[in-house]
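Below is the file query14.txt, which contains compact mmCIF, C-alpha atoms.
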# COMPACT_ATOMS: atom_id res chain seq x y z
CA MET W 286 51.63 105.20 295.43
CA ALA W 287 54.80 103.07 295.40
CA ARG W 288 53.18 100.69 297.84
CA ARG W 289 50.46 99.92 295.34
CA TYR W 290 52.97 98.94 292.68
CA ILE W 291 54.76 96.74 295.17
CA ILE W 292 51.52 94.94 295.96
CA THR W 293 50.84 94.36 292.28
CA LEU W 294 54.37 93.03 291.86
CA LEU W 295 53.90 90.73 294.85
CA LEU W 296 50.67 89.47 293.31
CA PHE W 297 52.54 88.70 290.12
CA ILE W 298 55.21 86.76 292.00
CA LEU W 299 52.47 84.90 293.87
CA PHE W 300 50.87 84.05 290.55
CA ILE W 301 54.15 82.55 289.38
CA ILE W 302 54.62 80.65 292.64
CA GLU W 303 51.16 79.12 292.76
CA ASN W 304 51.61 77.54 289.36
CA THR W 305 55.17 76.33 289.78
CA ILE W 306 56.33 75.80 293.33
CA VAL W 307 53.09 74.96 295.12
CA VAL W 308 52.38 72.17 292.65
CA LEU W 309 55.76 70.58 293.25
CA PHE W 310 55.54 70.41 297.01
CA LEU W 311 52.12 68.79 297.17
CA PRO W 312 51.95 65.00 297.58
CA GLU W 313 51.22 63.26 294.28
CA ALA W 314 47.77 62.05 295.23
CA TRP W 315 46.62 65.59 295.94
CA GLN W 316 48.08 67.26 292.92
CA THR W 317 44.96 66.95 290.82
CA ARG W 318 42.70 67.93 293.68
CA ILE W 319 44.29 70.81 295.54
CA VAL W 320 44.81 73.66 293.14
CA PRO W 321 44.66 76.79 295.29
CA HIS W 322 44.12 80.23 293.81
CA LEU W 323 46.36 82.16 296.18
CA VAL W 324 46.28 85.27 294.04
CA PHE W 325 42.52 85.38 294.40
CA VAL W 326 42.79 85.42 298.19
CA VAL W 327 45.01 88.52 298.08
CA ILE W 328 42.64 90.14 295.61
CA LEU W 329 39.81 89.53 298.08
CA PHE W 330 41.81 91.33 300.77
CA ALA W 331 42.32 94.27 298.45
CA SER W 332 38.65 94.22 297.54
CA ILE W 333 37.53 94.45 301.16
CA TYR W 334 40.17 96.59 302.85
CA ASP W 335 40.82 98.93 299.97
CA HIS W 336 37.95 99.22 297.55
CA ARG W 337 35.82 96.83 295.52
CA HIS W 338 36.85 98.52 292.29
CA VAL W 339 40.48 97.68 293.03
CA GLY W 340 39.39 94.06 293.49
CA LEU W 341 37.49 94.13 290.21
CA ILE W 342 40.42 95.49 288.22
CA LEU W 343 43.01 93.19 289.83
CA GLY W 344 40.66 90.24 289.34
CA ILE W 345 40.20 90.96 285.66
CA CYS W 346 43.94 91.55 285.07
CA PHE W 347 45.22 88.46 286.85
CA GLY W 348 42.36 86.36 285.51
CA LEU W 349 43.33 87.38 282.01
CA LEU W 350 46.96 86.54 282.72
CA GLN W 351 45.93 83.08 283.83
CA ASP W 352 43.73 82.68 280.77
CA VAL W 353 46.44 83.66 278.32
CA VAL W 354 49.18 81.55 279.85
CA PHE W 355 47.11 78.40 280.28
CA TYR W 356 45.01 78.65 277.15
CA GLY W 357 43.53 75.18 276.74
CA ALA W 358 40.04 75.16 275.32
CA MET W 359 39.00 78.76 275.74
CA MET W 360 39.93 81.97 277.49
CA GLY W 361 38.10 84.61 279.47
CA GLN W 362 36.62 82.37 282.11
CA TYR W 363 39.08 83.34 284.86
CA SER W 364 38.96 86.98 283.99
CA PHE W 365 35.20 86.94 284.32
CA ALA W 366 34.97 84.75 287.41
CA MET W 367 37.73 86.45 289.41
CA GLY W 368 36.61 89.96 288.55
CA LEU W 369 32.98 89.30 289.32
CA SER W 370 33.48 87.41 292.55
CA ALA W 371 36.01 89.93 293.91
CA TYR W 372 33.60 92.75 293.13
CA LEU W 373 30.63 91.00 294.71
CA ILE W 374 32.57 90.12 297.86
CA GLY W 375 33.75 93.73 298.08
CA LEU W 376 30.18 94.89 297.71
CA VAL W 377 28.77 92.61 300.40
CA PHE W 378 31.53 92.93 303.04
CA ARG W 379 32.36 96.52 302.38
CA SER W 380 33.27 97.68 305.87
CA ARG W 381 36.94 98.52 306.09
CA ARG W 382 36.94 97.57 309.74
CA SER W 383 36.00 93.97 309.07
CA SER W 384 37.42 91.73 311.74
CA MET W 385 39.44 88.62 311.12
CA SER W 386 36.45 86.26 311.36
CA VAL W 387 34.48 88.32 308.85
CA MET W 388 37.45 88.25 306.51
CA MET W 389 37.66 84.48 306.80
CA ILE W 390 33.97 84.16 306.00
CA ALA W 391 34.58 86.39 303.00
CA VAL W 392 37.39 84.09 301.85
CA ILE W 393 35.17 81.02 302.25
CA VAL W 394 32.26 82.57 300.37
CA GLY W 395 34.59 84.02 297.74
CA SER W 396 36.34 80.69 297.08
CA LEU W 397 33.02 78.90 296.74
CA LEU W 398 31.76 81.64 294.46
CA LEU W 399 34.83 81.60 292.20
CA ASP W 400 34.86 77.84 291.75
CA SER W 401 31.09 77.72 291.29
CA ILE W 402 31.19 80.38 288.57
CA LEU W 403 34.01 78.47 286.86
CA PHE W 404 32.03 75.25 287.12
CA GLY W 405 28.99 77.03 285.66
CA ILE W 406 31.00 78.31 282.70
CA TYR W 407 32.55 74.91 282.01
CA THR W 408 29.14 73.25 282.15
CA LEU W 409 27.67 75.91 279.88
CA PHE W 410 30.33 75.26 277.25
CA LYS W 411 30.21 71.51 277.86
CA LEU W 412 33.82 71.23 278.98
CA THR W 413 32.97 69.21 282.05
CA HIS W 414 30.27 66.61 282.56
CA GLU W 415 30.67 65.87 286.22
CA THR W 416 27.96 66.85 288.66
CA TYR W 417 28.33 69.81 290.96
CA ALA W 418 28.38 67.53 294.00
CA PHE W 419 31.37 65.64 292.64
CA ASN W 420 33.28 68.82 291.87
CA LEU W 421 32.45 70.19 295.30
CA LEU W 422 34.03 67.24 297.07
CA ASP W 423 36.80 66.75 294.52
CA HIS W 424 38.42 70.15 294.54
CA ILE W 425 36.18 73.03 295.57
CA VAL W 426 36.12 72.26 299.31
CA PRO W 427 39.80 71.17 299.58
CA ASN W 428 40.76 74.35 297.73
CA MET W 429 38.68 76.43 300.04
CA ILE W 430 40.40 74.97 303.09
CA VAL W 431 43.87 75.65 301.70
CA GLN W 432 42.85 79.17 300.75
CA VAL W 433 41.50 79.89 304.24
CA ILE W 434 44.74 78.66 305.80
CA PHE W 435 46.70 80.86 303.42
CA ALA W 436 44.46 83.81 304.29
CA LEU W 437 45.10 83.23 308.01
CA ILE W 438 48.85 83.28 307.42
CA ILE W 439 48.92 86.49 305.44
CA TYR W 440 46.14 88.26 307.35
CA VAL W 441 48.13 90.47 309.69
CA PRO W 442 50.90 91.81 307.40
CA LEU W 443 48.70 92.16 304.35
CA ARG W 444 45.88 93.98 306.11
CA ARG W 445 48.32 96.49 307.58
CA GLN W 446 49.86 97.20 304.20
CA ILE W 447 46.56 97.52 302.35
CA GLU W 448 45.05 99.76 304.99
CA LYS W 449 48.06 102.06 304.86
CA MET W 450 47.63 102.19 301.13
CA ALA W 451 43.93 102.96 301.41
CA THR W 452 44.27 105.68 304.06
CA LYS W 453 47.05 107.32 302.08
CA ARG W 454 44.82 107.46 299.07
CA THR W 455 41.85 108.90 300.91
CA LYS W 456 44.17 111.57 302.34
CA GLU W 457 45.35 112.42 298.86
CA GLU W 458 41.78 112.67 297.68
CA THR W 459 40.71 114.99 300.50
CA VAL W 460 43.70 117.32 300.13
CA MET X 902 31.39 90.93 276.75
CA PHE X 903 33.14 88.09 278.58
CA ILE X 904 30.66 85.59 277.23
CA SER X 905 31.49 86.73 273.71
CA VAL X 906 35.24 86.46 274.40
CA MET X 907 34.73 82.94 275.71
CA GLY X 908 32.59 81.99 272.74
CA PHE X 909 35.08 83.45 270.30
CA THR X 910 38.10 81.74 271.78
CA LEU X 911 36.27 78.43 272.18
CA GLY X 912 36.18 77.89 268.44
CA SER X 913 39.13 76.89 266.31
CA ARG X 914 41.62 79.70 265.97
CA VAL X 915 44.61 79.69 263.69
CA GLY X 916 47.22 81.01 266.10
CA LEU X 917 47.80 83.50 268.83
CA THR X 918 47.97 87.23 268.30
CA TRP X 919 51.20 89.01 269.22
CA PRO X 920 50.10 90.47 272.58
CA GLU X 921 49.08 87.00 273.70
CA LYS X 922 52.41 85.61 272.55
CA PHE X 923 54.31 88.38 274.31
CA VAL X 924 52.52 87.88 277.63
CA LYS X 925 52.86 84.11 277.38
CA ASP X 926 56.58 84.22 276.65
CA THR X 927 57.35 86.76 279.35
CA VAL X 928 55.42 84.92 282.03
CA GLY X 929 56.76 81.62 280.77
CA PHE X 930 60.33 82.80 281.15
CA ILE X 931 59.81 84.00 284.71
CA GLN X 932 57.97 80.82 285.61
CA TYR X 933 60.87 78.82 284.28
CA VAL X 934 63.27 80.74 286.52
CA PHE X 935 61.12 79.80 289.52
CA TYR X 936 60.28 76.24 288.54
CA LYS X 937 63.82 75.05 287.92
CA PRO X 938 65.31 75.53 291.43
CA ALA X 939 62.06 74.44 293.08
CA ARG X 940 62.09 71.31 290.99
CA SER X 941 65.60 70.46 292.11
CA VAL X 942 64.80 71.03 295.78
CA ALA X 943 61.64 68.93 295.56
CA GLY X 944 63.59 66.36 293.61
CA PHE X 945 66.14 66.10 296.41
CA PHE X 946 63.50 65.27 299.02
CA GLU X 947 61.94 62.80 296.67
CA ASP X 948 65.30 61.13 296.11
CA VAL X 949 65.81 60.72 299.82
CA SER X 950 62.44 59.05 300.22
CA ASP X 951 63.01 56.92 297.16
CA LEU X 952 66.31 55.57 298.44
CA ARG X 953 64.74 52.45 299.85
CA SER X 954 63.00 51.38 296.68
CA LEU X 955 66.17 52.02 294.72
CA GLU X 956 67.59 48.54 295.16
CA LEU X 957 64.46 46.89 293.87
CA GLU X 958 64.30 49.22 290.93
CA ASN X 959 67.93 48.54 290.15
CA GLU X 960 67.27 44.83 289.94
CA GLU X 961 64.30 45.34 287.65
CA LEU X 962 66.32 47.61 285.42
CA LYS X 963 69.08 45.00 285.16
CA ILE X 964 66.55 42.41 284.03
CA SER X 965 65.05 44.68 281.44
CA LEU X 966 68.51 45.66 280.25
CA ALA X 967 69.30 41.99 279.70
CA HIS X 968 66.07 41.67 277.73
CA TYR X 969 67.02 44.67 275.70
CA ALA X 970 70.49 43.37 274.92
CA ARG X 971 69.01 40.08 273.78
CA GLU X 972 66.44 41.72 271.55
CA LYS X 973 68.76 44.29 270.04
CA PRO X 974 70.53 42.10 267.40
CA LYS X 975 67.20 40.65 266.38
CA TYR X 976 65.74 44.12 266.02
CA ASN X 977 68.71 45.31 263.98
CA ALA X 978 68.47 42.36 261.62
CA MET X 979 64.75 42.87 261.16
CA GLU X 980 65.15 46.58 260.57
CA LYS X 981 67.77 45.85 257.90
CA GLN X 982 65.50 43.34 256.26
CA ASN X 983 62.57 45.72 256.42
CA GLU X 984 64.62 48.43 254.77
CA GLN X 985 65.74 46.02 252.09
CA LEU X 986 62.14 45.01 251.39
CA LYS X 987 61.07 48.64 251.23
CA ASN X 988 63.82 49.29 248.71
CA ASP X 989 62.75 46.32 246.66
CA LEU X 990 59.19 47.54 246.61
CA LYS X 991 60.37 50.98 245.48
CA PHE X 992 59.01 53.00 248.38
CA THR X 993 59.37 56.75 247.93
CA GLU X 994 61.55 58.71 250.31
CA ASP X 995 58.50 60.12 252.11
CA GLN X 996 56.98 56.72 252.67
CA LYS X 997 60.24 55.41 254.06
CA ASN X 998 60.52 58.19 256.58
CA LEU X 999 56.92 57.99 257.66
CA ASN X 1000 57.60 56.38 261.02
CA ASN X 1001 60.93 58.01 261.80
CA TYR X 1002 59.91 60.25 264.63
CA ASP X 1003 62.14 62.77 266.23
CA TYR X 1004 61.84 63.33 269.97
CA ARG X 1005 62.79 66.64 271.53
CA ILE X 1006 63.10 67.04 275.26
CA ALA X 1007 61.14 69.85 276.90
CA GLN X 1008 61.08 71.15 280.46
CA VAL X 1009 57.79 71.81 282.19
CA VAL X 1010 57.59 75.49 283.05
CA SER X 1011 54.35 75.60 285.03
CA VAL X 1012 51.13 73.72 285.68
CA ASN X 1013 47.65 75.20 285.53
CA ASN X 1014 45.79 75.30 288.85
CA ASP X 1015 42.38 74.46 287.50
CA ALA X 1016 40.97 70.99 288.02
CA SER X 1017 38.57 71.01 285.07
CA ASN X 1018 40.82 72.57 282.45
CA ARG X 1019 44.21 71.00 282.96
CA THR X 1020 47.04 72.38 280.87
CA LEU X 1021 50.74 72.93 281.36
CA VAL X 1022 53.40 75.08 279.77
CA ILE X 1023 56.66 73.77 278.32
CA ASN X 1024 59.75 75.69 277.29
CA LEU X 1025 59.76 74.94 273.57
CA GLY X 1026 58.01 77.24 271.14
CA SER X 1027 57.65 78.03 267.48
CA ARG X 1028 61.35 79.00 267.39
CA ASN X 1029 62.12 75.35 268.09
CA GLY X 1030 59.78 74.19 265.36
CA ILE X 1031 56.82 73.31 267.55
CA LYS X 1032 53.45 73.39 265.83
CA GLU X 1033 49.94 73.01 267.15
CA ASN X 1034 48.58 69.47 267.51
CA MET X 1035 51.98 67.84 267.93
CA SER X 1036 51.78 65.11 270.52
CA VAL X 1037 53.63 65.14 273.80
CA THR X 1038 54.82 62.08 275.73
CA SER X 1039 56.57 61.48 279.01
CA THR X 1040 58.87 58.58 279.72
CA GLU X 1041 55.80 56.57 280.73
CA GLY X 1042 53.41 57.28 277.89
CA LEU X 1043 51.29 59.68 275.93
CA VAL X 1044 50.47 62.88 277.82
CA GLY X 1045 48.60 65.20 275.49
CA ILE X 1046 48.86 67.48 272.50
CA ILE X 1047 50.17 70.98 271.97
CA SER X 1048 47.22 73.33 272.00
CA ARG X 1049 48.82 76.78 271.65
CA VAL X 1050 52.24 77.90 270.53
CA SER X 1051 54.07 81.16 271.09
CA ASN X 1052 57.67 81.98 270.24
CA PHE X 1053 59.43 80.39 273.21
CA THR X 1054 56.78 78.46 275.11
CA SER X 1055 53.78 76.35 274.27
CA THR X 1056 50.73 75.05 276.11
CA VAL X 1057 50.00 71.34 276.35
CA LYS X 1058 46.42 70.15 276.62
CA LEU X 1059 46.37 66.92 278.59
CA LEU X 1060 44.62 63.72 277.59
CA THR X 1061 42.41 64.23 280.64
CA SER X 1062 40.50 66.88 278.72
CA MET X 1063 39.39 64.33 276.14
CA ASP X 1064 35.66 64.11 275.82
CA SER X 1065 33.57 62.05 273.41
CA SER X 1066 30.59 64.40 273.44
CA ASP X 1067 32.69 67.36 272.30
CA PRO X 1068 32.86 67.40 268.49
CA LYS X 1069 36.22 69.20 268.49
CA SER X 1070 38.00 66.72 270.73
CA LYS X 1071 39.65 64.15 268.52
CA GLY X 1072 39.78 60.49 269.44
CA ILE X 1073 42.96 58.46 269.19
CA SER X 1074 42.98 55.38 267.03
CA ALA X 1075 44.46 52.69 269.22
CA LYS X 1076 45.79 49.16 268.96
CA VAL X 1077 47.05 46.45 271.24
CA GLU X 1078 50.79 46.15 271.43
CA GLY X 1079 51.93 42.94 269.74
CA LYS X 1080 48.58 42.45 268.01
CA GLU X 1081 48.56 45.61 265.90
CA ASN X 1082 46.97 43.98 262.88
CA GLU X 1083 44.07 42.26 264.57
CA THR X 1084 42.95 44.95 267.00
CA PHE X 1085 41.40 48.34 266.62
CA GLY X 1086 39.60 50.82 268.80
CA ILE X 1087 39.19 54.50 269.48
CA VAL X 1088 40.23 56.10 272.75
CA ASP X 1089 38.02 59.12 273.07
CA ASN X 1090 36.92 59.80 276.62
CA TYR X 1091 38.44 60.45 280.01
CA ASP X 1092 36.52 59.78 283.19
CA GLU X 1093 37.44 62.26 285.90
CA LYS X 1094 35.89 60.19 288.65
CA THR X 1095 37.85 57.01 288.13
CA GLY X 1096 40.83 58.53 286.32
CA THR X 1097 40.57 56.11 283.41
CA LEU X 1098 40.34 56.41 279.64
CA LEU X 1099 37.62 54.73 277.63
CA MET X 1100 38.35 52.85 274.40
CA THR X 1101 35.32 52.26 272.21
CA ARG X 1102 34.41 50.60 268.93
CA ILE X 1103 36.36 47.43 269.52
CA PRO X 1104 35.13 44.68 267.17
CA LEU X 1105 33.53 41.63 268.80
CA ASP X 1106 36.19 39.24 267.55
CA SER X 1107 39.04 41.37 268.85
CA PRO X 1108 41.64 39.43 270.90
CA LEU X 1109 41.96 42.33 273.36
CA LYS X 1110 42.07 41.25 277.00
CA LYS X 1111 42.94 42.50 280.46
CA ASP X 1112 46.50 43.80 281.05
CA ASP X 1113 47.17 44.35 277.35
CA ILE X 1114 49.21 47.45 276.57
CA ILE X 1115 47.37 49.89 274.34
CA VAL X 1116 49.41 51.95 271.87
CA THR X 1117 48.42 54.57 269.33
CA GLY X 1118 47.65 53.24 265.89
CA GLY X 1119 48.83 56.24 263.90
CA ASP X 1120 45.71 56.46 261.74
CA GLY X 1121 44.00 59.78 261.54
CA GLY X 1122 47.00 62.04 261.47
CA ILE X 1123 47.39 63.79 264.78
CA TYR X 1124 48.91 61.12 267.00
CA PRO X 1125 52.03 59.32 265.79
CA LYS X 1126 52.34 55.54 265.86
CA TYR X 1127 53.48 53.36 268.76
CA GLN X 1128 53.05 55.78 271.65
CA ILE X 1129 52.00 53.94 274.78
CA ILE X 1130 48.59 55.02 276.04
CA GLY X 1131 47.94 52.66 278.93
CA LYS X 1132 46.96 49.26 280.20
CA VAL X 1133 43.56 47.57 279.85
CA LEU X 1134 41.73 47.28 283.15
CA SER X 1135 38.54 45.61 281.97
CA ARG X 1136 36.39 45.17 278.90
CA GLN X 1137 32.63 45.45 278.65
CA LYS X 1138 29.88 45.19 276.06
CA GLY X 1139 29.38 48.50 274.27
CA ASP X 1140 26.23 50.58 274.11
CA PHE X 1141 24.45 48.61 271.40
CA GLY X 1142 26.03 45.21 271.92
CA MET X 1143 27.74 45.34 268.54
CA THR X 1144 31.12 46.40 269.85
CA TYR X 1145 33.17 46.20 273.02
CA THR X 1146 34.49 49.01 275.11
CA ALA X 1147 37.54 48.82 277.34
CA THR X 1148 38.59 50.83 280.35
CA ILE X 1149 42.23 51.84 280.22
CA LYS X 1150 44.49 53.03 282.98
CA PRO X 1151 46.68 55.75 281.48
CA ALA X 1152 50.40 55.02 281.52
CA ALA X 1153 51.31 58.62 282.27
CA ASN X 1154 50.16 59.61 285.74
CA PHE X 1155 49.51 63.31 284.98
CA VAL X 1156 51.12 64.50 288.20
CA ASP X 1157 54.65 65.25 289.33
CA TRP X 1158 55.90 66.61 286.03
CA LYS X 1159 59.51 66.26 285.03
CA GLU X 1160 60.72 66.18 281.46
CA LEU X 1161 58.42 65.72 278.53
CA PHE X 1162 59.13 64.83 274.92
CA VAL X 1163 57.54 66.45 271.92
CA VAL X 1164 57.17 64.07 268.99
CA PHE X 1165 58.20 65.57 265.66
CA THR X 1166 56.68 63.76 262.74
CA PRO X 1167 58.57 64.03 259.45
CA GLU X 1168 57.33 66.82 257.22
CA VAL X 1169 55.39 65.73 254.18
CA LYS X 1170 56.53 67.71 251.18
CA GLU X 1171 53.75 69.07 249.06
Can you give me the file's structure in the form of structure tokens?
Amino acid sequence: MARRYIITLLLFILFIIENTIVVLFLPEAWQTRIVPHLVFVVILFASIYDHRHVGLILGICFGLLQDVVFYGAMMGQYSFAMGLSAYLIGLVFRSRRSSMSVMMIAVIVGSLLLDSILFGIYTLFKLTHETYAFNLLDHIVPNMIVQVIFALIIYVPLRRQIEKMATKRTKEETV
Amino acid sequence: MFISVMGFTLGSRVGLTWPEKFVKDTVGFIQYVFYKPARSVAGFFEDVSDLRSLELENEELKISLAHYAREKPKYNAMEKQNEQLKNDLKFTEDQKNLNNYDYRIAQVVSVNNDASNRTLVINLGSRNGIKENMSVTSTEGLVGIISRVSNFTSTVKLLTSMDSSDPKSKGISAKVEGKENETFGIVDNYDEKTGTLLMTRIPLDSPLKKDDIIVTGGDGGIYPKYQIIGKVLSRQKGDFGMTYTATIKPAANFVDWKELFVVFTPEVKE
């Protein structure tokens, strides 16, 4: 069980890093365009290799954290978008033996899904007036690329850890 | 359920509840611990790459310092005279202090990673006297307003979220620097595509032209006077031909955050 707490703690540290350090080391011209959601990538891993319910809960928790800390016009949008997309990705790619390429496809689809849901919410509440095509080229696709690269880097260690966690839990359940 | 949360929080709320404040302060503190060393490391690399342009900048600074030294006695004399005139006209204490703003330095704690809803967190909160709707500037110009306050941190909503079709987003009354009495306009929209602000409702006889510096006018309450907004790029005929609109390049560049200043306006006693 300790491993699970460690993963949550790591997610929290990652959340801090993506909003502070990542921003600083990007070139100025990209700072408004590349805004990767690294936490979401890890949540996708948990959703696929552990269980989709884990992804849902982590998505809602960290989404809410993001909403509360960066409360501009409204809150709840991240909580909803991250929870829903992590759950859906977990539902679609549910095999625990997913290979690396399947995982990368999951990250691509998941990133597109998250940003599209966010765009939908902002359009619904009239917080953005740009077209979807503009948003897609402006930050959704660049974000997706960064997130896939990040997923490639963390793939091996993270998958091992999460699978250990998952098998341990199934053992506990069967005993 | 989420839709209702979004709808509820979209409206105007008085403040934050205590769990929100607690989470915000805790996360804000940890973010600050991370941001500070990272900032200094990034700053070091930046300094190295800036070394070449340093000489040029130094020269420019010397020139502007000379300007400043020349203007300073004139300014002092005029300020004295102004004060004297105010005394003669029997201004009340409140009226006299109206434009004495207090600037407090704030460190950026973290930046939101959302392109459509750009906010950032600074390390001053209600304990330091911050209130909602105070305006925030950088060394270059106006940056945004405080949107939410907790005890030790507060969230800044950037000017880039300004939107003329949103009834809750408030426009800034703006004037041209040096021609404050003849010019007027309202800056109320930000264009994400071109990264420019739009100033509308400029009268036809306005002497506004390209490369003028636009400053806040101070009417309307929220934004204090004489904060630099940006530079005029072009001016066009407005929607109905009765007014002009102008495109403005914001003075603050909204990236690469360092220190920010919160503008404290003097309290009006009731």
Quiz item: Which distance in Å separates CA of Ile390 in chain W and CA of Asn1018 in chain X, to one decimal?
Solution: 27.1 Å
Quiz item: What is the CA of Asn1082 in chain X-CA of Asn983 in chain X distance in Å, reported with one decimal?
Solution: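 Computing the Euclidean distance for CA of Asn1082 in chain X and CA of Asn983 in chain X yields 17.0 Å.
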Self-check item: Polymer residues at most 12 Å from Ile425 in chain W, all atoms listed in the file, same-chain spacing of 5 or more positions, as a PyMOL selection string
Solution: (chain W and resi 317-322+393-404+417-420+430-432) or (chain X and resi 1014-1017)
Quiz item: CA of Ala366 in chain W and CA of Gly340 in chain W, how far apart in Å?
Solution: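 Distance between the two atoms: 12.0 Å.
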Exercise. Mind checking which residues fall within 12 Å of Ala436 in chain W, counting only C-alpha atoms, ignoring those fewer than 4 positions away in the same chain, and posting them as a ChimeraX atom specification?
Key: /W:321-330,385-393,395-396,429-432,440-444
Those same residues - C-alpha atoms - I'd like them written as an mmCIF file, keeping the file's coordinate frame.
data_model
loop_
_atom_site.group_PDB
_atom_site.id
_atom_site.type_symbol
_atom_site.label_atom_id
_atom_site.label_comp_id
_atom_site.auth_asym_id
_atom_site.auth_seq_id
_atom_site.Cartn_x
_atom_site.Cartn_y
_atom_site.Cartn_z
ATOM 1 C CA PRO W 321 44.660 76.790 295.290
ATOM 2 C CA HIS W 322 44.120 80.230 293.810
ATOM 3 C CA LEU W 323 46.360 82.160 296.180
ATOM 4 C CA VAL W 324 46.280 85.270 294.040
ATOM 5 C CA PHE W 325 42.520 85.380 294.400
ATOM 6 C CA VAL W 326 42.790 85.420 298.190
ATOM 7 C CA VAL W 327 45.010 88.520 298.080
ATOM 8 C CA ILE W 328 42.640 90.140 295.610
ATOM 9 C CA LEU W 329 39.810 89.530 298.080
ATOM 10 C CA PHE W 330 41.810 91.330 300.770
ATOM 11 C CA MET W 385 39.440 88.620 311.120
ATOM 12 C CA SER W 386 36.450 86.260 311.360
ATOM 13 C CA VAL W 387 34.480 88.320 308.850
ATOM 14 C CA MET W 388 37.450 88.250 306.510
ATOM 15 C CA MET W 389 37.660 84.480 306.800
ATOM 16 C CA ILE W 390 33.970 84.160 306.000
ATOM 17 C CA ALA W 391 34.580 86.390 303.000
ATOM 18 C CA VAL W 392 37.390 84.090 301.850
ATOM 19 C CA ILE W 393 35.170 81.020 302.250
ATOM 20 C CA GLY W 395 34.590 84.020 297.740
ATOM 21 C CA SER W 396 36.340 80.690 297.080
ATOM 22 C CA MET W 429 38.680 76.430 300.040
ATOM 23 C CA ILE W 430 40.400 74.970 303.090
ATOM 24 C CA VAL W 431 43.870 75.650 301.700
ATOM 25 C CA GLN W 432 42.850 79.170 300.750
ATOM 26 C CA TYR W 440 46.140 88.260 307.350
ATOM 27 C CA VAL W 441 48.130 90.470 309.690
ATOM 28 C CA PRO W 442 50.900 91.810 307.400
ATOM 29 C CA LEU W 443 48.700 92.160 304.350
ATOM 30 C CA ARG W 444 45.880 93.980 306.110
#
Who sits within 10 Å of range 1042-1047 of chain X, only C-alpha atoms, same chain under 3 positions skipped, as an mmCIF file with C-alpha atoms, in the frame of the given file:
data_model
loop_
_atom_site.group_PDB
_atom_site.id
_atom_site.type_symbol
_atom_site.label_atom_id
_atom_site.label_comp_id
_atom_site.auth_asym_id
_atom_site.auth_seq_id
_atom_site.Cartn_x
_atom_site.Cartn_y
_atom_site.Cartn_z
ATOM 1 C CA GLY W 357 43.530 75.180 276.740
ATOM 2 C CA THR X 1020 47.040 72.380 280.870
ATOM 3 C CA LEU X 1021 50.740 72.930 281.360
ATOM 4 C CA VAL X 1022 53.400 75.080 279.770
ATOM 5 C CA ILE X 1023 56.660 73.770 278.320
ATOM 6 C CA ILE X 1031 56.820 73.310 267.550
ATOM 7 C CA LYS X 1032 53.450 73.390 265.830
ATOM 8 C CA GLU X 1033 49.940 73.010 267.150
ATOM 9 C CA ASN X 1034 48.580 69.470 267.510
ATOM 10 C CA MET X 1035 51.980 67.840 267.930
ATOM 11 C CA SER X 1036 51.780 65.110 270.520
ATOM 12 C CA VAL X 1037 53.630 65.140 273.800
ATOM 13 C CA THR X 1038 54.820 62.080 275.730
ATOM 14 C CA SER X 1039 56.570 61.480 279.010
ATOM 15 C CA VAL X 1050 52.240 77.900 270.530
ATOM 16 C CA SER X 1055 53.780 76.350 274.270
ATOM 17 C CA THR X 1056 50.730 75.050 276.110
ATOM 18 C CA VAL X 1057 50.000 71.340 276.350
ATOM 19 C CA LYS X 1058 46.420 70.150 276.620
ATOM 20 C CA LEU X 1059 46.370 66.920 278.590
ATOM 21 C CA LEU X 1060 44.620 63.720 277.590
ATOM 22 C CA THR X 1061 42.410 64.230 280.640
ATOM 23 C CA SER X 1062 40.500 66.880 278.720
ATOM 24 C CA MET X 1063 39.390 64.330 276.140
ATOM 25 C CA VAL X 1116 49.410 51.950 271.870
ATOM 26 C CA THR X 1117 48.420 54.570 269.330
ATOM 27 C CA ILE X 1123 47.390 63.790 264.780
ATOM 28 C CA TYR X 1124 48.910 61.120 267.000
ATOM 29 C CA TYR X 1127 53.480 53.360 268.760
ATOM 30 C CA GLN X 1128 53.050 55.780 271.650
ATOM 31 C CA ILE X 1129 52.000 53.940 274.780
ATOM 32 C CA ILE X 1130 48.590 55.020 276.040
ATOM 33 C CA GLY X 1131 47.940 52.660 278.930
ATOM 34 C CA PRO X 1151 46.680 55.750 281.480
ATOM 35 C CA ALA X 1152 50.400 55.020 281.520
ATOM 36 C CA ALA X 1153 51.310 58.620 282.270
ATOM 37 C CA ASN X 1154 50.160 59.610 285.740
ATOM 38 C CA PHE X 1155 49.510 63.310 284.980
ATOM 39 C CA LEU X 1161 58.420 65.720 278.530
ATOM 40 C CA PHE X 1162 59.130 64.830 274.920
ATOM 41 C CA VAL X 1163 57.540 66.450 271.920
ATOM 42 C CA VAL X 1164 57.170 64.070 268.990
#
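If only C-alpha atoms are the atoms counted, then among W:Gln446, W:Thr452, W:Asn428, W:Thr305 the closest residue to chain X is W:Thr305.
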Expected answer as a short mmCIF file (atom, residue, chain, number, x, y, z; two decimals) with C-alpha atoms, in the coordinates of the input: chain W residues within 6 Å of chain X, only C-alpha atoms:
data_model
loop_
_atom_site.label_atom_id
_atom_site.label_comp_id
_atom_site.auth_asym_id
_atom_site.auth_seq_id
_atom_site.Cartn_x
_atom_site.Cartn_y
_atom_site.Cartn_z
CA ILE W 301 54.15 82.55 289.38
CA ASN W 304 51.61 77.54 289.36
CA THR W 305 55.17 76.33 289.78
CA ILE W 306 56.33 75.80 293.33
CA VAL W 320 44.81 73.66 293.14
CA VAL W 354 49.18 81.55 279.85
CA GLY W 357 43.53 75.18 276.74
CA ALA W 358 40.04 75.16 275.32
CA MET W 359 39.00 78.76 275.74
CA MET W 360 39.93 81.97 277.49
CA GLY W 361 38.10 84.61 279.47
#
